[in-house]
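Following: one structure in structure tokens, then a few remarks.
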Amino acid sequence: MTEQAGRPEERVFLVVVDESPEMPKALRYACRRAKRTGGRVAMLYVMDPPEGQQWGAVVDLMRQEARQQAEEVIARHADTAVSLTGQPPTIHIREGKKRDELVKLLTEDRSVSVLVLGSASSGEGPGPLVTAFAGKLGGQLRVPLTIVPGALTDAEIDAIS
């Protein structure tokens, strides 16, 4: 997968892709908004760095496996984005801590205009990224943050987007 730069006049809706149950809600919202505003969707997947102090070959194998998993997850959700918007999303795959890599991407990629995150619908709280950026780290964002409640149905998302 390749990274594609958006045109300066387009609104780019960035979604952090993971395996959480609320992420598809955020992706649907971002896709619907992008389609309606003539914008694009960008997707960020952050791989966890290998833990511990393994031998170099083991670390390389762990990275390869993590990259393969990242590409599979991104491809599945990219297909959804294409079906909802009619165009392929911009893809970013990075290694590190989600929060740190998200801030770095927003600093580096000036085409991103809106960050869209899904809020968990379980009783465990809204999720670590929502908690961080809706709180103390909100000042690090240079773009608006849209939080999509994980309990919304697809029809409700479609109605508001």
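Note on naming: chains are A, B, ... as they come in the structure tokens, residues start from 1 per chain, ligands start from 1 in the order shown.
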
Using only C-alpha atoms, which protein or nucleic acid residues come within 10 Å of stretch 130-143 of chain A? Drop anything in the same chain fewer than 2 positions from it, and give the result as a PDB file with C-alpha atoms, in the first residue's frame.
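The result, stored in part.pdb:
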ATOM      1  CA  PHE A  13     -10.577  12.904   7.765  1.00  0.00           C
ATOM      2  CA  ARG A  99      -0.700   8.556  20.887  1.00  0.00           C
ATOM      3  CA  LEU A 102      -0.696  10.182  15.965  1.00  0.00           C
ATOM      4  CA  VAL A 103       0.746  13.482  17.178  1.00  0.00           C
ATOM      5  CA  LEU A 106      -0.590  15.358  12.524  1.00  0.00           C
ATOM      6  CA  THR A 107       2.561  17.467  12.755  1.00  0.00           C
ATOM      7  CA  ARG A 110      -0.552  19.138   6.983  1.00  0.00           C
ATOM      8  CA  VAL A 112      -5.178  16.214   7.609  1.00  0.00           C
ATOM      9  CA  SER A 113      -8.028  18.527   8.576  1.00  0.00           C
ATOM     10  CA  VAL A 114     -10.141  16.487  11.034  1.00  0.00           C
ATOM     11  CA  LEU A 115      -9.287  13.679  13.467  1.00  0.00           C
ATOM     12  CA  VAL A 116     -12.152  11.199  13.915  1.00  0.00           C
ATOM     13  CA  LEU A 117     -12.064   8.816  16.895  1.00  0.00           C
ATOM     14  CA  GLY A 118     -14.626   6.327  18.124  1.00  0.00           C
ATOM     15  CA  SER A 119     -15.666   6.360  21.763  1.00  0.00           C
ATOM     16  CA  ALA A 120     -16.126   2.991  23.447  1.00  0.00           C
ATOM     17  CA  GLY A 125     -14.482   4.602  29.607  1.00  0.00           C
ATOM     18  CA  PRO A 126     -14.245   6.249  26.201  1.00  0.00           C
ATOM     19  CA  GLY A 127     -10.889   4.745  25.212  1.00  0.00           C
ATOM     20  CA  PRO A 128      -7.289   5.872  25.713  1.00  0.00           C
ATOM     21  CA  LEU A 145     -11.419  16.280  17.025  1.00  0.00           C
ATOM     22  CA  THR A 146     -14.675  14.509  16.230  1.00  0.00           C
ATOM     23  CA  ILE A 147     -15.687  11.793  18.698  1.00  0.00           C
ATOM     24  CA  VAL A 148     -18.193   9.257  17.377  1.00  0.00           C
TER      25      VAL A 148
END

**Request:** Enumerate, as a VMD selection string, the complete set of residues in stretch 34-77 of chain A that a backbone-based DSSP assignment places in strand (DSSP E or B).
**Result:** chain A and resid 40 to 47

**Residue contacts of A:Tyr29 (9 Å, only C-alpha atoms) excluding same-chain residues fewer than 6 positions away, as an MDAnalysis selection string** = chainID A and resid 116 148 154 157:158 160:161

Next, the residues of the selection above should be written as an mmCIF file, in the first residue's frame with N, CA and C atoms.
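Result file is part.cif:
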data_model
loop_
_atom_site.group_PDB
_atom_site.id
_atom_site.type_symbol
_atom_site.label_atom_id
_atom_site.label_comp_id
_atom_site.auth_asym_id
_atom_site.auth_seq_id
_atom_site.Cartn_x
_atom_site.Cartn_y
_atom_site.Cartn_z
ATOM 1 N N VAL A 116 -10.904 11.857 13.535
ATOM 2 C CA VAL A 116 -12.152 11.199 13.915
ATOM 3 C C VAL A 116 -11.803 9.969 14.750
ATOM 4 N N VAL A 148 -16.988 9.965 17.795
ATOM 5 C CA VAL A 148 -18.193 9.257 17.377
ATOM 6 C C VAL A 148 -18.545 8.235 18.450
ATOM 7 N N ASP A 154 -25.494 2.310 12.426
ATOM 8 C CA ASP A 154 -25.092 2.823 11.122
ATOM 9 C C ASP A 154 -26.102 3.847 10.619
ATOM 10 N N ILE A 157 -25.505 7.105 12.347
ATOM 11 C CA ILE A 157 -24.295 7.743 11.821
ATOM 12 C C ILE A 157 -24.597 8.369 10.470
ATOM 13 N N ASP A 158 -25.308 7.641 9.630
ATOM 14 C CA ASP A 158 -25.654 8.164 8.311
ATOM 15 C C ASP A 158 -26.504 9.431 8.418
ATOM 16 N N ILE A 160 -26.474 11.719 10.766
ATOM 17 C CA ILE A 160 -25.762 12.898 11.278
ATOM 18 C C ILE A 160 -24.528 13.268 10.454
ATOM 19 N N SER A 161 -24.163 12.409 9.528
ATOM 20 C CA SER A 161 -22.952 12.695 8.748
ATOM 21 C C SER A 161 -23.304 13.124 7.338
#

**Request:** Can you work out the spacing between atom CA of A:Glu19 and atom CA of A:Ile91 in Å, to one decimal?
**Result:** 16.2 Å

**Message:** What's around stretch 32-48 of chain A at 9 Å? Count only C-alpha atoms, leave out sequence neighbours fewer than 4 positions away in its own chain, and write the answer as an MDAnalysis selection string.
**Reply:** chainID A and resid 4 6 9:18 27:28 63 66:67 69:71 73:74 77:78 81 84:98 101:102 105 112 157:158 161

Write out the residues from the selection above, keeping C-alpha atoms, as a CSV table (one decimal), in the first residue's frame.
chain,number,residue,atom,x,y,z
A,4,GLN,CA,-1.1,9.3,-1.2
A,6,GLY,CA,-4.4,14.8,-0.6
A,9,GLU,CA,-8.4,22.1,-1.0
A,10,GLU,CA,-9.7,18.7,0.2
A,11,ARG,CA,-10.8,18.0,3.7
A,12,VAL,CA,-8.9,14.9,5.0
A,13,PHE,CA,-10.6,12.9,7.8
A,14,LEU,CA,-8.0,10.8,9.7
A,15,VAL,CA,-9.2,7.7,11.5
A,16,VAL,CA,-6.9,5.6,13.8
A,17,VAL,CA,-7.5,2.0,12.7
A,18,ASP,CA,-7.4,-0.8,15.3
A,27,LEU,CA,-14.5,5.0,10.0
A,28,ARG,CA,-18.1,5.1,8.8
A,63,ARG,CA,8.3,-6.8,13.0
A,66,ALA,CA,3.3,-7.2,12.9
A,67,ARG,CA,3.6,-5.5,9.6
A,69,GLN,CA,-1.1,-8.1,10.4
A,70,ALA,CA,-1.2,-4.3,10.1
A,71,GLU,CA,-1.6,-4.6,6.3
A,73,VAL,CA,-6.3,-5.0,9.1
A,74,ILE,CA,-5.8,-1.8,7.0
A,77,HIS,CA,-11.0,-1.4,6.5
A,78,ALA,CA,-9.7,0.3,3.3
A,81,ALA,CA,-13.6,3.1,2.9
A,84,LEU,CA,-18.4,4.2,1.2
A,85,THR,CA,-16.4,7.0,-0.6
A,86,GLY,CA,-15.6,5.6,-4.0
A,87,GLN,CA,-11.9,6.3,-3.6
A,88,PRO,CA,-9.0,4.7,-1.8
A,89,PRO,CA,-7.9,6.1,1.5
A,90,THR,CA,-4.5,7.4,2.3
A,91,ILE,CA,-2.7,4.8,4.3
A,92,HIS,CA,-0.2,5.4,7.1
A,93,ILE,CA,1.4,2.4,9.0
A,94,ARG,CA,3.8,3.3,11.8
A,95,GLU,CA,5.5,1.6,14.7
A,96,GLY,CA,5.5,3.0,18.2
A,97,LYS,CA,2.9,4.2,20.8
A,98,LYS,CA,-0.4,5.2,19.2
A,101,GLU,CA,2.6,8.4,16.4
A,102,LEU,CA,-0.7,10.2,16.0
A,105,LEU,CA,1.6,12.3,11.9
A,112,VAL,CA,-5.2,16.2,7.6
A,157,ILE,CA,-24.3,7.7,11.8
A,158,ASP,CA,-25.7,8.2,8.3
A,161,SER,CA,-23.0,12.7,8.7
